[in-house]
Amino acid sequence: MILTLVGWVGGMNAAWGQLNNQAFLYRLPVRPENSGQLRLAVQGFLFSKDNEYFNKINEGKTLYGTQLAPRLVYFPSANLRLEAGIFLYKDYGTPRLRQVRPLFTAKYQNGPHSLLFGNIEGHLNHGYIEPLFDFERVMLNRLEEGMQYRLQTARLQLDAWVDWQRQQYRFSDFQEEVAGGFTSEFTAYQDSAGWRLGVVPLQFLAIHRGGQLDTIDKPLQTLFNFATGLRVRRKLNSNFARALYFDGYVTHFTDYSFTEVLPYGRGTGLYLNAGINTSLSNVMISYWSGNGFVAPQGGKLYQSISSTVSNPGYTERHRQLLILRFFSDFHLPGNVTLTTRFEPFYDLQNKQVEFSFGTYLNFNYEFLLGTLRHSE
C-alpha cells in the first residue's frame with residue numbers, strides 16, 4: 001500500500017542524487033582491454049548560469065566561462081589507470097586564466113570496487129542533494145584532491161572520499177582545510193513493471209578548519225551535515241511521459257567546534273522533490289524547509305546564514321522555498337551534451353519570486369594513441 005501511494009510520483013535517474021546530473025559526470029573507465037594502452041583524454045566544459053536573485057541570503061550573479069582538462073592516460077595493467085594533465089579555467093570578461101592546475105590520478109578497479117588517489121571523481125559525482133552540496137561547485141570548485149573509495153553493484157552504491165582543500169605549512173597565516181564524507185543508497189525493490197524503491201539513502205559530509213602550524217589566533221571549526229530519506233521511481237510506457245519520481249530527505253547540521261563562531265550550533269531541514277520526465281523536458285517541484293540549517297559546501301539558497309556582500313551578518317532561522325525546475329539534456333554529435341535549466345522559486349517567508357537560468361556544454365572523449373609493449 002505504501003509503495004502504491006508514493007510510487008506514482010517516484011523516480012531515480014541514472015545519476016543518483018537529487019537531479020539527473022548525468023551530463024556532468026565522468027567516471028574514469030578501467031577495462032581489461034585497455035591494458036598497455038596510451039590514451040589522450042579530453043574533458044571540456046562551457047557554462048553560463050544567471051542567478052537573478054535579490055534576497056539577503058544569496059545574491060544574484062552570473063557565472064560564465066570555460067574549463068578544459070586534457071590528460072595523458074596509461075594503463076600498466078588490466079585494472080590500473082594512471083593519468084597526468086592540466087586543468088585550465090577561464091571566466092569570460094577577463095583576459096587572465098582563473099586557474100591553471102596540474103592533474104594526477106591513479107585509479108585501481110577490481111570488480112565493483114574502485115580506489116582513487118590524487119584528483120578524485122568529485123563534485124556532482126558524489127550524488128549529494130543540493131542543500132548539502134552546491135551544484136555551482138561544478139563550476140567554481142571543480143577539482144577535488146585526496147582519496148576515494150567507490151562501490152557499485154546492482155543494488156548498492158557507495159562513495160567515501162576525502163578532499164584536502166588547503167595544505168598548511170609552518171608559520172602559515174591561514175588554517176588547513178579538509179572535507180570528506182560518504183553517500184550510499186540501497187535499491188530495496190525493483191521489478192519488470194518499472195517500479196524502483198531506494199531505501200535509506202545516507203549522505204554525510206564534514207569539513208574541518210584548523211591545524212597547529214599557523215600563526216593566527218583563530219578557533220578550529222568542525223562542521224557536520226547529514227541527510228537520509230526515501231527515493232522512489234516509476235517508469236512509464238508512454239512516448240511522452242517516461243517516468244514519475246519522488247524523493248524526500250530530512251537533513252541535520254551540527255557544529256562540533258570547541259568554540260562556536262556561527263549563529264547556529266544545530267539545525268534541521270526537510271527537502272521534498274517530485275517530478276516527471278517527458279520527451280520535451282524534465283519537470284520537478286521541490287520544497288525546502290530549514291531551521292537554523294548551515295552547510296559550508298551546500299547550496300547557498302538553502303542556508304540560514306547569508307553569503308552576500310551587502311548583508312554578510314544577516315540570518316534567517318526559518319527558510320521556506322518552493323522551487324520549480326525545468327531541465328533538459330540534448331545529445332549532440334561528437335560526445336557533446338547540451339544541458340538547459342530554468343529554476344524559478346518562491347520564498348514563502350519573504351514573499352519573493354526569483355529565478356536562475358543555466359546553459360551548459362559538456363564534452364568527454366578519449367583518443368587511443370597507441371599500445372606500449374610490456375618488457376619480458
# chains A, B, ... in the order shown; residues from 1 in each chain; ligands from 1

call {"tool": "select_by_dssp", "arguments": {"residues": "range 142-343 of chain A", "states": "strand (DSSP E)", "output": "PyMOL selection string"}}
result
chain A and resi 145-152+156-166+176-190+195-210+221-235+241-255+266-278+282-291+318-332+336-343

call {"tool": "residues_around", "arguments": {"residues": "range 68-85 of chain A", "least_positions_apart": "5", "cutoff": "6 Å", "atoms": "only C-alpha atoms", "output": "list of chain:residue names"}}
result
A:Val30, A:Pro32, A:Ser35, A:Gly36, A:Gln37, A:Leu38, A:Arg39, A:Leu40, A:Ala41, A:Val42, A:Gln43, A:Gly44, A:Pro102, A:Leu103, A:Phe104, A:Thr105, A:Ala106, A:Lys107, A:Tyr108, A:Gln109

call {"tool": "residues_around", "arguments": {"residues": "Phe258 in chain A", "least_positions_apart": "3", "cutoff": "9 Å", "atoms": "only C-alpha atoms", "output": "ChimeraX atom specification"}}
result
/A:219-222,255

call {"tool": "closest_residue", "arguments": {"among": "A:Leu361, A:Leu124, A:Met284, A:Leu156", "to": "Tyr26 in chain A", "atoms": "only C-alpha atoms"}}
result
A:Leu124

call {"tool": "closest_residue", "arguments": {"among": "A:Gln168, A:Gly180, A:Ser279, A:Phe342", "to": "Asn239 in chain A", "atoms": "only C-alpha atoms"}}
result
A:Ser279

call {"tool": "residues_around", "arguments": {"residues": "Val353 in chain A", "least_positions_apart": "6", "cutoff": "10 Å", "atoms": "only C-alpha atoms", "output": "list in words"}}
result
Glu52, Tyr53, Phe54, Asn55, Leu321, Leu322, Ile323, Pro344, Phe345, Tyr346 and Asp347 of chain A

call {"tool": "closest_atom_pairs", "arguments": {"of": "range 188-233 of chain A", "to": "range 131-148 of chain A", "cutoff": "12 Å", "atoms": "only C-alpha atoms", "output": "tab-separated table"}}
result
residue	atom	partner	partner_atom	distance
A:Leu202	CA	A:Leu132	CA	11.9
A:Gln203	CA	A:Leu132	CA	8.5
A:Phe204	CA	A:Leu132	CA	8.6
A:Leu205	CA	A:Leu132	CA	7.5
A:Ala206	CA	A:Leu132	CA	10.0
A:Ile207	CA	A:Leu132	CA	11.5
A:Leu223	CA	A:Leu132	CA	11.7
A:Phe224	CA	A:Leu132	CA	10.0
A:Asn225	CA	A:Leu132	CA	6.8
A:Phe226	CA	A:Leu132	CA	7.9
A:Ala227	CA	A:Leu132	CA	8.1
A:Thr228	CA	A:Leu132	CA	11.4

call {"tool": "closest_residue", "arguments": {"among": "A:Thr268, A:Ser286, A:Thr183, A:His208", "to": "Tyr256 in chain A", "atoms": "only C-alpha atoms"}}
result
A:His208

call {"tool": "select_by_dssp", "arguments": {"residues": "range 116-171 of chain A", "states": "alpha helix (DSSP H)", "output": "list in words"}}
result
Arg137, Val138, Met139 and Leu140 of chain A

call {"tool": "residues_around", "arguments": {"residues": "Phe357 in chain A", "least_positions_apart": "2", "cutoff": "9 Å", "atoms": "only C-alpha atoms", "output": "PyMOL selection string"}}
result
chain A and resi 48-52+340-344+355+359

call {"tool": "write_last_selection", "arguments": {"atoms": "all heavy atoms", "output": "short mmCIF file (atom, residue, chain, number, x, y, z; two decimals), in the first residue's frame"}}
result
data_model
loop_
_atom_site.label_atom_id
_atom_site.label_comp_id
_atom_site.auth_asym_id
_atom_site.auth_seq_id
_atom_site.Cartn_x
_atom_site.Cartn_y
_atom_site.Cartn_z
N SER A 48 27.17 28.77 -18.55
CA SER A 48 26.57 30.09 -18.35
C SER A 48 25.41 29.92 -17.39
O SER A 48 24.45 29.21 -17.69
CB SER A 48 26.09 30.67 -19.68
OG SER A 48 25.36 31.87 -19.47
N LYS A 49 25.49 30.57 -16.23
CA LYS A 49 24.42 30.48 -15.24
C LYS A 49 24.14 31.89 -14.71
O LYS A 49 25.03 32.55 -14.18
CB LYS A 49 24.79 29.55 -14.09
CG LYS A 49 23.63 29.32 -13.10
CD LYS A 49 23.99 28.23 -12.09
CE LYS A 49 22.78 27.80 -11.25
NZ LYS A 49 22.41 28.78 -10.24
N ASP A 50 22.90 32.32 -14.88
CA ASP A 50 22.48 33.65 -14.45
C ASP A 50 21.53 33.50 -13.27
O ASP A 50 20.43 32.96 -13.41
CB ASP A 50 21.79 34.37 -15.61
CG ASP A 50 21.29 35.76 -15.21
OD1 ASP A 50 21.87 36.33 -14.26
OD2 ASP A 50 20.36 36.25 -15.85
N ASN A 51 21.95 33.98 -12.10
CA ASN A 51 21.12 33.98 -10.90
C ASN A 51 20.50 35.36 -10.72
O ASN A 51 21.18 36.31 -10.30
CB ASN A 51 21.94 33.62 -9.66
CG ASN A 51 22.50 32.22 -9.70
OD1 ASN A 51 22.01 31.37 -10.43
ND2 ASN A 51 23.54 31.97 -8.92
N GLU A 52 19.23 35.47 -11.04
CA GLU A 52 18.52 36.74 -10.85
C GLU A 52 17.92 36.76 -9.44
O GLU A 52 16.71 36.65 -9.25
CB GLU A 52 17.45 36.92 -11.92
CG GLU A 52 17.99 37.17 -13.31
CD GLU A 52 18.70 38.52 -13.41
OE1 GLU A 52 18.29 39.48 -12.72
OE2 GLU A 52 19.70 38.61 -14.15
N THR A 340 20.14 22.46 -20.47
CA THR A 340 19.50 23.73 -20.12
C THR A 340 18.69 23.53 -18.84
O THR A 340 18.08 22.48 -18.64
CB THR A 340 18.56 24.22 -21.24
OG1 THR A 340 17.52 23.25 -21.46
CG2 THR A 340 19.34 24.43 -22.54
N ARG A 341 18.71 24.57 -17.98
CA ARG A 341 17.96 24.51 -16.73
C ARG A 341 17.36 25.88 -16.42
O ARG A 341 18.06 26.89 -16.45
CB ARG A 341 18.87 24.08 -15.57
CG ARG A 341 19.35 22.64 -15.70
CD ARG A 341 20.11 22.16 -14.50
NE ARG A 341 20.44 20.75 -14.62
CZ ARG A 341 21.07 20.03 -13.70
NH1 ARG A 341 21.44 20.61 -12.56
NH2 ARG A 341 21.32 18.76 -13.90
N PHE A 342 16.07 25.87 -16.11
CA PHE A 342 15.36 27.09 -15.70
C PHE A 342 14.72 26.78 -14.35
O PHE A 342 13.94 25.82 -14.24
CB PHE A 342 14.31 27.47 -16.73
CG PHE A 342 13.48 28.65 -16.32
CD1 PHE A 342 14.05 29.88 -16.01
CD2 PHE A 342 12.09 28.54 -16.25
CE1 PHE A 342 13.28 30.97 -15.63
CE2 PHE A 342 11.30 29.62 -15.88
CZ PHE A 342 11.90 30.84 -15.56
N GLU A 343 15.05 27.58 -13.31
CA GLU A 343 14.63 27.25 -11.95
C GLU A 343 14.08 28.48 -11.22
O GLU A 343 14.80 29.13 -10.47
CB GLU A 343 15.81 26.66 -11.18
CG GLU A 343 16.35 25.38 -11.79
CD GLU A 343 17.60 24.87 -11.10
OE1 GLU A 343 18.69 25.38 -11.41
OE2 GLU A 343 17.48 23.97 -10.25
N PRO A 344 12.82 28.81 -11.43
CA PRO A 344 12.19 29.85 -10.62
C PRO A 344 11.84 29.31 -9.24
O PRO A 344 11.57 28.12 -9.08
CB PRO A 344 10.93 30.21 -11.42
CG PRO A 344 10.60 28.94 -12.16
CD PRO A 344 11.93 28.28 -12.47
N PHE A 355 14.59 33.72 -9.88
CA PHE A 355 14.85 32.59 -10.77
C PHE A 355 16.31 32.56 -11.18
O PHE A 355 17.06 33.54 -11.03
CB PHE A 355 13.96 32.68 -12.03
CG PHE A 355 14.32 33.80 -12.96
CD1 PHE A 355 15.24 33.61 -13.99
CD2 PHE A 355 13.77 35.06 -12.80
CE1 PHE A 355 15.57 34.64 -14.85
CE2 PHE A 355 14.09 36.10 -13.66
CZ PHE A 355 15.00 35.89 -14.69
N THR A 359 22.86 27.32 -19.00
CA THR A 359 23.14 26.55 -20.20
C THR A 359 24.54 25.99 -20.07
O THR A 359 25.49 26.72 -19.75
CB THR A 359 23.05 27.43 -21.46
OG1 THR A 359 21.77 28.07 -21.51
CG2 THR A 359 23.23 26.60 -22.72
#

call {"tool": "closest_residue", "arguments": {"among": "A:Ser192, A:Ser257, A:Ser306, A:Asn125", "to": "Asp159 in chain A", "atoms": "only C-alpha atoms"}}
result
A:Asn125

call {"tool": "closest_residue", "arguments": {"among": "A:Thr259, A:Arg234, A:His252, A:Val294", "to": "Lys218 in chain A", "atoms": "only C-alpha atoms"}}
result
A:Thr259

call {"tool": "closest_residue", "arguments": {"among": "A:Leu272, A:Leu115, A:Val336, A:Ile57", "to": "Ala160 in chain A", "atoms": "only C-alpha atoms"}}
result
A:Leu115

call {"tool": "residues_around", "arguments": {"residues": "Thr94 in chain A", "least_positions_apart": "3", "cutoff": "12 Å", "atoms": "only C-alpha atoms", "output": "PyMOL selection string"}}
result
chain A and resi 64-66+89-91+97-98

call {"tool": "write_last_selection", "arguments": {"atoms": "C-alpha atoms", "output": "short mmCIF file (atom, residue, chain, number, x, y, z; two decimals), in the first residue's frame"}}
result
data_model
loop_
_atom_site.label_atom_id
_atom_site.label_comp_id
_atom_site.auth_asym_id
_atom_site.auth_seq_id
_atom_site.Cartn_x
_atom_site.Cartn_y
_atom_site.Cartn_z
CA TYR A 64 30.14 32.45 -17.48
CA GLY A 65 33.26 30.61 -18.55
CA THR A 66 35.16 27.61 -19.91
CA TYR A 89 39.72 27.51 -16.17
CA LYS A 90 38.84 30.90 -17.63
CA ASP A 91 35.94 33.22 -16.82
CA LEU A 97 43.02 32.39 -16.60
CA ARG A 98 41.38 31.88 -13.23
#

call {"tool": "decode", "arguments": {"residues": "range 258-282 of chain A", "atoms": "N, CA, C and O atoms", "output": "compact mmCIF listing (two decimals), in the first residue's frame"}}
result
# COMPACT_ATOMS: atom_id res chain seq x y z
N PHE A 258 34.99 23.41 19.28
CA PHE A 258 35.10 23.74 20.71
C PHE A 258 34.62 25.16 20.97
O PHE A 258 34.04 25.45 22.01
N THR A 259 34.85 26.05 20.01
CA THR A 259 34.39 27.43 20.10
C THR A 259 33.45 27.70 18.93
O THR A 259 33.88 27.69 17.77
N GLU A 260 32.19 27.91 19.20
CA GLU A 260 31.22 28.13 18.14
C GLU A 260 31.28 29.58 17.67
O GLU A 260 31.19 30.52 18.46
N VAL A 261 31.44 29.75 16.35
CA VAL A 261 31.51 31.09 15.76
C VAL A 261 30.32 31.36 14.84
O VAL A 261 30.13 32.50 14.41
N LEU A 262 29.53 30.35 14.55
CA LEU A 262 28.36 30.53 13.69
C LEU A 262 27.14 30.90 14.52
O LEU A 262 27.08 30.60 15.72
N PRO A 263 26.16 31.57 13.92
CA PRO A 263 24.96 31.95 14.67
C PRO A 263 24.17 30.76 15.20
O PRO A 263 23.46 30.89 16.20
N TYR A 264 24.27 29.60 14.54
CA TYR A 264 23.52 28.43 14.95
C TYR A 264 24.48 27.25 15.16
O TYR A 264 25.38 27.02 14.35
N GLY A 265 24.27 26.52 16.25
CA GLY A 265 25.09 25.36 16.52
C GLY A 265 24.49 24.07 16.01
O GLY A 265 25.19 23.09 15.77
N ARG A 266 23.17 24.07 15.81
CA ARG A 266 22.46 22.92 15.28
C ARG A 266 21.33 23.40 14.37
O ARG A 266 20.81 24.51 14.56
N GLY A 267 20.97 22.56 13.42
CA GLY A 267 19.88 22.92 12.53
C GLY A 267 19.34 21.70 11.83
O GLY A 267 19.97 20.64 11.79
N THR A 268 18.14 21.84 11.29
CA THR A 268 17.48 20.74 10.58
C THR A 268 16.85 21.26 9.30
O THR A 268 16.71 22.47 9.09
N GLY A 269 16.44 20.32 8.46
CA GLY A 269 15.77 20.69 7.23
C GLY A 269 14.93 19.54 6.69
O GLY A 269 15.19 18.37 6.98
N LEU A 270 13.92 19.89 5.91
CA LEU A 270 13.08 18.92 5.22
C LEU A 270 13.12 19.27 3.74
O LEU A 270 12.85 20.41 3.36
N TYR A 271 13.43 18.27 2.91
CA TYR A 271 13.63 18.51 1.48
C TYR A 271 12.84 17.48 0.69
O TYR A 271 13.11 16.28 0.79
N LEU A 272 11.83 17.94 -0.07
CA LEU A 272 10.94 17.06 -0.83
C LEU A 272 11.01 17.41 -2.31
O LEU A 272 10.99 18.60 -2.67
N ASN A 273 11.08 16.40 -3.17
CA ASN A 273 11.12 16.59 -4.61
C ASN A 273 10.17 15.62 -5.30
O ASN A 273 10.13 14.44 -4.95
N ALA A 274 9.44 16.10 -6.29
CA ALA A 274 8.59 15.24 -7.10
C ALA A 274 8.64 15.75 -8.53
O ALA A 274 8.71 16.96 -8.77
N GLY A 275 8.65 14.82 -9.49
CA GLY A 275 8.77 15.29 -10.86
C GLY A 275 8.36 14.26 -11.88
O GLY A 275 7.99 13.12 -11.56
N ILE A 276 8.46 14.67 -13.14
CA ILE A 276 8.11 13.84 -14.27
C ILE A 276 9.14 14.06 -15.38
O ILE A 276 9.55 15.20 -15.64
N ASN A 277 9.57 12.97 -16.01
CA ASN A 277 10.42 13.04 -17.19
C ASN A 277 9.56 12.87 -18.43
O ASN A 277 8.80 11.90 -18.52
N THR A 278 9.68 13.80 -19.35
CA THR A 278 8.90 13.72 -20.59
C THR A 278 9.84 13.82 -21.79
O THR A 278 11.04 14.09 -21.64
N SER A 279 9.29 13.60 -22.97
CA SER A 279 10.08 13.69 -24.19
C SER A 279 10.48 15.12 -24.52
O SER A 279 11.41 15.35 -25.28
N LEU A 280 9.79 16.11 -23.95
CA LEU A 280 10.10 17.51 -24.20
C LEU A 280 11.07 18.08 -23.17
O LEU A 280 12.02 18.79 -23.50
N SER A 281 10.80 17.79 -21.90
CA SER A 281 11.63 18.32 -20.82
C SER A 281 11.34 17.52 -19.56
O SER A 281 10.33 16.81 -19.47
N ASN A 282 12.24 17.64 -18.58
CA ASN A 282 12.01 17.09 -17.26
C ASN A 282 11.54 18.21 -16.34
O ASN A 282 12.10 19.31 -16.37
